[in-house]
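Structure below is coords-v3.pdb: PDB, C-alpha atoms, pLDDT in the B column.
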```pdb
MODEL        1
ATOM      1  CA  GLN B  63     142.105  89.758  63.984  1.00 86.00           C
ATOM      2  CA  VAL B  64     140.112  92.451  62.167  1.00 89.00           C
ATOM      3  CA  GLN B  65     140.191  95.565  64.294  1.00 93.00           C
ATOM      4  CA  LEU B  66     140.761  99.297  64.530  1.00 97.00           C
ATOM      5  CA  VAL B  67     143.706 100.341  66.677  1.00 97.00           C
ATOM      6  CA  GLU B  68     144.133 103.802  68.185  1.00 98.00           C
ATOM      7  CA  SER B  69     147.458 105.131  69.431  1.00 98.00           C
ATOM      8  CA  GLY B  70     149.142 108.365  70.448  1.00 98.00           C
ATOM      9  CA  GLY B  71     147.332 109.102  73.686  1.00 98.00           C
ATOM     10  CA  ASP B  72     149.439 110.604  76.449  1.00 97.00           C
ATOM     11  CA  LEU B  73     149.601 113.030  79.363  1.00 98.00           C
ATOM     12  CA  VAL B  74     150.025 116.595  78.085  1.00 98.00           C
ATOM     13  CA  GLN B  75     149.936 120.033  79.679  1.00 98.00           C
ATOM     14  CA  PRO B  76     147.142 122.508  78.899  1.00 98.00           C
ATOM     15  CA  GLY B  77     147.900 124.328  75.667  1.00 98.00           C
ATOM     16  CA  GLY B  78     149.885 121.386  74.348  1.00 98.00           C
ATOM     17  CA  SER B  79     149.367 119.189  71.311  1.00 98.00           C
ATOM     18  CA  LEU B  80     148.948 115.518  70.515  1.00 98.00           C
ATOM     19  CA  ARG B  81     148.387 113.543  67.356  1.00 98.00           C
ATOM     20  CA  LEU B  82     146.272 110.423  67.566  1.00 98.00           C
ATOM     21  CA  SER B  83     146.416 107.685  64.953  1.00 98.00           C
ATOM     22  CA  CYS B  84     143.830 105.124  63.913  1.00 98.00           C
ATOM     23  CA  THR B  85     145.034 102.146  61.902  1.00 97.00           C
ATOM     24  CA  ALA B  86     143.311  99.014  60.679  1.00 94.00           C
ATOM     25  CA  SER B  87     144.460  95.478  61.312  1.00 90.00           C
ATOM     26  CA  ARG B  88     143.809  92.957  58.522  1.00 92.00           C
ATOM     27  CA  PHE B  89     141.758  95.292  56.318  1.00 92.00           C
ATOM     28  CA  THR B  90     142.136  98.561  54.437  1.00 93.00           C
ATOM     29  CA  LEU B  91     140.595 101.830  55.514  1.00 94.00           C
ATOM     30  CA  ASP B  92     140.401 103.144  51.936  1.00 91.00           C
ATOM     31  CA  TYR B  93     136.669 102.550  51.562  1.00 92.00           C
ATOM     32  CA  TYR B  94     135.552 103.780  54.950  1.00 96.00           C
ATOM     33  CA  ALA B  95     134.804 107.058  56.589  1.00 96.00           C
ATOM     34  CA  ILE B  96     136.310 107.288  60.071  1.00 97.00           C
ATOM     35  CA  GLY B  97     134.881 109.035  63.075  1.00 97.00           C
ATOM     36  CA  TRP B  98     136.649 110.090  66.251  1.00 98.00           C
ATOM     37  CA  PHE B  99     134.825 110.014  69.573  1.00 98.00           C
ATOM     38  CA  ARG B 100     135.766 110.547  73.180  1.00 98.00           C
ATOM     39  CA  GLN B 101     134.373 109.496  76.522  1.00 98.00           C
ATOM     40  CA  ALA B 102     135.255 111.046  79.844  1.00 97.00           C
ATOM     41  CA  PRO B 103     134.501 109.266  83.143  1.00 92.00           C
ATOM     42  CA  GLY B 104     130.821 109.490  83.989  1.00 94.00           C
ATOM     43  CA  LYS B 105     129.919 111.079  80.666  1.00 96.00           C
ATOM     44  CA  GLU B 106     128.371 109.839  77.456  1.00 96.00           C
ATOM     45  CA  ARG B 107     130.467 109.130  74.410  1.00 96.00           C
ATOM     46  CA  GLU B 108     130.837 112.343  72.403  1.00 96.00           C
ATOM     47  CA  GLY B 109     131.450 112.709  68.676  1.00 97.00           C
ATOM     48  CA  VAL B 110     134.562 114.770  67.932  1.00 98.00           C
ATOM     49  CA  SER B 111     135.211 114.575  64.209  1.00 98.00           C
ATOM     50  CA  CYS B 112     134.644 112.554  61.065  1.00 97.00           C
ATOM     51  CA  ILE B 113     136.388 112.261  57.707  1.00 97.00           C
ATOM     52  CA  SER B 114     134.954 110.692  54.547  1.00 95.00           C
ATOM     53  CA  ASP B 115     136.629 107.795  52.743  1.00 94.00           C
ATOM     54  CA  ARG B 116     138.592 110.005  50.350  1.00 92.00           C
ATOM     55  CA  GLY B 117     139.096 112.810  52.839  1.00 92.00           C
ATOM     56  CA  SER B 118     137.023 115.272  50.824  1.00 93.00           C
ATOM     57  CA  SER B 119     134.571 115.943  53.658  1.00 94.00           C
ATOM     58  CA  THR B 120     135.305 116.579  57.309  1.00 96.00           C
ATOM     59  CA  TYR B 121     133.104 117.369  60.295  1.00 96.00           C
ATOM     60  CA  TYR B 122     133.875 118.686  63.763  1.00 97.00           C
ATOM     61  CA  ALA B 123     132.069 119.126  67.028  1.00 97.00           C
ATOM     62  CA  SER B 124     131.765 122.771  68.002  1.00 96.00           C
ATOM     63  CA  SER B 125     133.816 122.092  71.125  1.00 96.00           C
ATOM     64  CA  VAL B 126     136.914 121.223  69.058  1.00 98.00           C
ATOM     65  CA  LYS B 127     136.454 123.227  65.857  1.00 97.00           C
ATOM     66  CA  GLY B 128     139.532 125.327  65.171  1.00 97.00           C
ATOM     67  CA  ARG B 129     141.691 123.268  67.535  1.00 98.00           C
ATOM     68  CA  PHE B 130     141.458 119.728  66.138  1.00 98.00           C
ATOM     69  CA  THR B 131     142.163 118.597  62.578  1.00 98.00           C
ATOM     70  CA  VAL B 132     141.281 115.211  61.119  1.00 98.00           C
ATOM     71  CA  SER B 133     143.215 113.850  58.146  1.00 98.00           C
ATOM     72  CA  ARG B 134     144.034 110.560  56.506  1.00 97.00           C
ATOM     73  CA  ASP B 135     146.827 108.883  54.598  1.00 95.00           C
ATOM     74  CA  ASN B 136     145.295 105.932  52.811  1.00 91.00           C
ATOM     75  CA  ALA B 137     148.716 104.819  51.586  1.00 93.00           C
ATOM     76  CA  LYS B 138     149.639 104.302  55.251  1.00 95.00           C
ATOM     77  CA  ASN B 139     146.195 102.946  56.108  1.00 96.00           C
ATOM     78  CA  THR B 140     145.965 105.552  58.858  1.00 97.00           C
ATOM     79  CA  VAL B 141     143.625 108.324  59.971  1.00 98.00           C
ATOM     80  CA  TYR B 142     144.956 111.068  62.220  1.00 98.00           C
ATOM     81  CA  LEU B 143     143.482 113.464  64.730  1.00 98.00           C
ATOM     82  CA  GLN B 144     145.762 116.427  65.366  1.00 98.00           C
ATOM     83  CA  MET B 145     144.798 118.080  68.634  1.00 98.00           C
ATOM     84  CA  ASN B 146     146.160 121.538  69.438  1.00 98.00           C
ATOM     85  CA  SER B 147     145.518 124.007  72.256  1.00 98.00           C
ATOM     86  CA  LEU B 148     144.429 121.162  74.479  1.00 98.00           C
ATOM     87  CA  LYS B 149     142.290 121.903  77.524  1.00 98.00           C
ATOM     88  CA  PRO B 150     141.673 119.880  80.690  1.00 97.00           C
ATOM     89  CA  GLU B 151     138.132 119.232  79.452  1.00 97.00           C
ATOM     90  CA  ASP B 152     139.608 117.348  76.472  1.00 98.00           C
ATOM     91  CA  THR B 153     140.669 114.614  78.894  1.00 98.00           C
ATOM     92  CA  ALA B 154     138.994 111.366  77.829  1.00 98.00           C
ATOM     93  CA  VAL B 155     139.463 108.017  76.172  1.00 98.00           C
ATOM     94  CA  TYR B 156     139.489 108.630  72.426  1.00 98.00           C
ATOM     95  CA  TYR B 157     138.053 106.085  70.003  1.00 98.00           C
ATOM     96  CA  CYS B 158     137.963 105.773  66.235  1.00 98.00           C
ATOM     97  CA  ALA B 159     135.054 104.065  64.518  1.00 97.00           C
ATOM     98  CA  ILE B 160     133.540 103.204  61.137  1.00 96.00           C
ATOM     99  CA  PRO B 161     130.055 104.525  60.405  1.00 94.00           C
ATOM    100  CA  ARG B 162     127.178 102.231  59.427  1.00 92.00           C
ATOM    101  CA  SER B 163     127.040 104.208  56.174  1.00 88.00           C
ATOM    102  CA  LEU B 164     130.610 102.955  55.589  1.00 89.00           C
ATOM    103  CA  SER B 165     132.113 105.555  53.215  1.00 88.00           C
ATOM    104  CA  SER B 166     130.270 108.684  54.299  1.00 90.00           C
ATOM    105  CA  CYS B 167     130.005 110.526  57.594  1.00 91.00           C
ATOM    106  CA  SER B 168     126.448 111.478  56.582  1.00 84.00           C
ATOM    107  CA  GLY B 169     126.938 114.651  58.576  1.00 81.00           C
ATOM    108  CA  SER B 170     126.514 112.714  61.798  1.00 82.00           C
ATOM    109  CA  LEU B 171     128.674 112.582  64.906  1.00 93.00           C
ATOM    110  CA  SER B 172     126.209 110.410  66.764  1.00 93.00           C
ATOM    111  CA  ALA B 173     127.749 107.293  68.276  1.00 93.00           C
ATOM    112  CA  ALA B 174     124.621 105.355  67.258  1.00 93.00           C
ATOM    113  CA  ALA B 175     125.535 105.928  63.598  1.00 93.00           C
ATOM    114  CA  PHE B 176     128.844 104.081  64.026  1.00 94.00           C
ATOM    115  CA  GLY B 177     129.101 100.317  64.262  1.00 92.00           C
ATOM    116  CA  PHE B 178     132.744  99.216  64.423  1.00 95.00           C
ATOM    117  CA  TRP B 179     134.990 100.576  67.147  1.00 97.00           C
ATOM    118  CA  GLY B 180     138.589 100.523  68.287  1.00 97.00           C
ATOM    119  CA  GLN B 181     139.643  99.916  71.878  1.00 97.00           C
ATOM    120  CA  GLY B 182     140.521 103.539  72.636  1.00 97.00           C
ATOM    121  CA  THR B 183     143.553 105.542  73.751  1.00 98.00           C
ATOM    122  CA  GLN B 184     143.766 107.706  76.871  1.00 98.00           C
ATOM    123  CA  VAL B 185     144.372 111.444  76.566  1.00 98.00           C
ATOM    124  CA  THR B 186     144.975 113.347  79.790  1.00 98.00           C
ATOM    125  CA  VAL B 187     145.390 117.117  79.804  1.00 98.00           C
ATOM    126  CA  SER B 188     146.728 118.295  83.131  1.00 97.00           C
ATOM    127  CA  SER B 189     149.424 120.451  84.631  1.00 95.00           C
TER     128      SER B 189
ENDMDL
END
```
File written out as structure tokens:
Amino acid sequence: QVQLVESGGDLVQPGGSLRLSCTASRFTLDYYAIGWFRQAPGKEREGVSCISDRGSSTYYASSVKGRFTVSRDNAKNTVYLQMNSLKPEDTAVYYCAIPRSLSSCSGSLSAAAFGFWGQGTQVTVSS
């Protein structure tokens, strides 16, 4: 089955760190930009970060800039989201997705600009 698969979500204390992974099943991520989004209960899906197909361009929401880092290892067919200094307000289901523009983030973190989604992984920040 062709799909994106997120992993790495967990319960972590405020100030802690987590690294999320996004891998592809039955296709290669080499040619695609990857965006990270999150959705908390009762809230709209929010764009967090995006990385271009070669990793040369990255984008971050202001709420995570300086705390989160997106990277990719195309040899491992994996995109990562390193999350540091986590806050309770970072609690959400985190999704990775491929943009409709395929290889470029196009400077957009709008969910409407992304068309292929993973199933999500839960991140809970709580003491």
Could you check the closest approach to Ala173 of chain B for each of B:Gly117, B:Arg100, B:Thr140, B:Thr131 and tell me which residue wins, using all atoms listed in the file?
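Nearest candidate to Ala173 of chain B out of B:Gly117, B:Arg100, B:Thr140, B:Thr131: B:Arg100.
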Residues picked by the PyMOL selection byres ((chain B and resi 121) around 7) here, as an MDAnalysis selection string?
chainID B and resid 111:113 119:120 122 169
Determine the residue membership of the PyMOL selection byres ((chain B and resi 157) around 7) for the file above and supply it as a PDB file with C-alpha atoms, in the frame of the given file.
```
ATOM      1  CA  GLU B  68     144.133 103.802  68.185  1.00 98.00           C
ATOM      2  CA  TRP B  98     136.649 110.090  66.251  1.00 98.00           C
ATOM      3  CA  PHE B  99     134.825 110.014  69.573  1.00 98.00           C
ATOM      4  CA  ARG B 100     135.766 110.547  73.180  1.00 98.00           C
ATOM      5  CA  VAL B 155     139.463 108.017  76.172  1.00 98.00           C
ATOM      6  CA  TYR B 156     139.489 108.630  72.426  1.00 98.00           C
ATOM      7  CA  CYS B 158     137.963 105.773  66.235  1.00 98.00           C
ATOM      8  CA  ALA B 159     135.054 104.065  64.518  1.00 97.00           C
ATOM      9  CA  TRP B 179     134.990 100.576  67.147  1.00 97.00           C
ATOM     10  CA  GLY B 180     138.589 100.523  68.287  1.00 97.00           C
ATOM     11  CA  GLN B 181     139.643  99.916  71.878  1.00 97.00           C
ATOM     12  CA  GLY B 182     140.521 103.539  72.636  1.00 97.00           C
ATOM     13  CA  THR B 183     143.553 105.542  73.751  1.00 98.00           C
TER      14      THR B 183
END
```
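Nearest residue to Ala86 of chain B among B:Arg162, B:Asn139, B:Val187, B:Val126 is B:Asn139, counting only C-alpha atoms.
The residue that comes closest to Arg116 of chain B, out of B:Ala154, B:Val74, B:Leu164, B:Leu143 and on the basis of all atoms listed in the file, is B:Leu164.
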Any chance you could work out the residue set of the PyMOL selection byres ((chain B and resi 78) around 9) here, as a ChimeraX atom specification?
/B:74-77,79-80,145-149,187
Rounded to one decimal place, report the atom CA of Arg81 of chain B-atom CA of Asp152 of chain B distance in Å.
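Separation of atom CA of Arg81 of chain B and atom CA of Asp152 of chain B: 13.2 Å.
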Measure the distance from atom CA of Ala174 of chain B to atom CA of Thr186 of chain B in Å and round it to one decimal.
25.2 Å
Specify the axis-aligned box that encloses all atoms of segment 133-139 of chain B listed in the file after padding of 6 Å on each side, stating its centre and edge lengths in Å to one decimal as JSON.
```
{"center_x": 146.4, "center_y": 108.4, "center_z": 54.9, "size_x": 18.4, "size_y": 22.9, "size_z": 18.6}
```
Anything within 12 Å of (149.5, 101.2, 47.8): list those residues as a compact mmCIF listing (two decimals) with C-alpha atoms, in the coordinates of the input, counting all atoms listed in the file and sticking to the file's coordinates.
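The resulting file, selection-v9.txt, is reproduced below:
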```txt
# COMPACT_ATOMS: atom_id res chain seq x y z
CA THR B 90 142.14 98.56 54.44
CA LEU B 91 140.60 101.83 55.51
CA ASP B 92 140.40 103.14 51.94
CA ASP B 135 146.83 108.88 54.60
CA ASN B 136 145.29 105.93 52.81
CA ALA B 137 148.72 104.82 51.59
CA LYS B 138 149.64 104.30 55.25
CA ASN B 139 146.20 102.95 56.11
```
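One finds atom CA of Leu73 of chain B at 19.0 Å from atom CA of Val110 of chain B.
Each of B:Leu171, B:Val67, B:Val185, B:Leu82 was checked against Ser124 of chain B using all atoms listed in the file; the smallest atom-to-atom distance is that of B:Leu171.
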Since the input has fewer atoms than a full residue there, write segment 106-117 of chain B out with N, CA, C and O atoms, as a JSON list (two decimals), in the coordinates of the input.
```
[["chain", "number", "residue", "atom", "x", "y", "z"],
["B", 106, "GLU", "N", 128.69, 110.60, 78.65],
["B", 106, "GLU", "CA", 128.37, 109.84, 77.46],
["B", 106, "GLU", "C", 129.47, 110.01, 76.40],
["B", 106, "GLU", "O", 130.22, 110.98, 76.40],
["B", 107, "ARG", "N", 129.51, 109.04, 75.50],
["B", 107, "ARG", "CA", 130.47, 109.13, 74.41],
["B", 107, "ARG", "C", 130.09, 110.29, 73.50],
["B", 107, "ARG", "O", 128.93, 110.42, 73.12],
["B", 108, "GLU", "N", 131.07, 111.11, 73.15],
["B", 108, "GLU", "CA", 130.84, 112.34, 72.40],
["B", 108, "GLU", "C", 131.53, 112.28, 71.05],
["B", 108, "GLU", "O", 132.72, 111.94, 70.98],
["B", 109, "GLY", "N", 130.84, 112.64, 69.99],
["B", 109, "GLY", "CA", 131.45, 112.71, 68.68],
["B", 109, "GLY", "C", 132.37, 113.91, 68.58],
["B", 109, "GLY", "O", 132.00, 115.00, 69.01],
["B", 110, "VAL", "N", 133.56, 113.71, 68.03],
["B", 110, "VAL", "CA", 134.56, 114.77, 67.93],
["B", 110, "VAL", "C", 134.75, 115.21, 66.48],
["B", 110, "VAL", "O", 134.74, 116.40, 66.19],
["B", 111, "SER", "N", 134.92, 114.23, 65.60],
["B", 111, "SER", "CA", 135.21, 114.58, 64.21],
["B", 111, "SER", "C", 134.94, 113.37, 63.32],
["B", 111, "SER", "O", 134.84, 112.23, 63.80],
["B", 112, "CYS", "N", 134.82, 113.63, 62.03],
["B", 112, "CYS", "CA", 134.64, 112.55, 61.06],
["B", 112, "CYS", "C", 135.25, 112.98, 59.74],
["B", 112, "CYS", "O", 135.20, 114.17, 59.38],
["B", 113, "ILE", "N", 135.81, 112.00, 59.02],
["B", 113, "ILE", "CA", 136.39, 112.26, 57.71],
["B", 113, "ILE", "C", 135.87, 111.20, 56.74],
["B", 113, "ILE", "O", 135.80, 110.01, 57.08],
["B", 114, "SER", "N", 135.48, 111.62, 55.54],
["B", 114, "SER", "CA", 134.95, 110.69, 54.55],
["B", 114, "SER", "C", 136.06, 109.79, 54.00],
["B", 114, "SER", "O", 137.25, 110.00, 54.27],
["B", 115, "ASP", "N", 135.67, 108.81, 53.20],
["B", 115, "ASP", "CA", 136.63, 107.80, 52.74],
["B", 115, "ASP", "C", 137.78, 108.38, 51.95],
["B", 115, "ASP", "O", 138.93, 107.92, 52.07],
["B", 116, "ARG", "N", 137.52, 109.39, 51.15],
["B", 116, "ARG", "CA", 138.59, 110.00, 50.35],
["B", 116, "ARG", "C", 139.18, 111.25, 51.01],
["B", 116, "ARG", "O", 140.12, 111.83, 50.48],
["B", 117, "GLY", "N", 138.60, 111.62, 52.13],
["B", 117, "GLY", "CA", 139.10, 112.81, 52.84],
["B", 117, "GLY", "C", 138.53, 114.12, 52.33],
["B", 117, "GLY", "O", 138.98, 115.18, 52.76]]
```
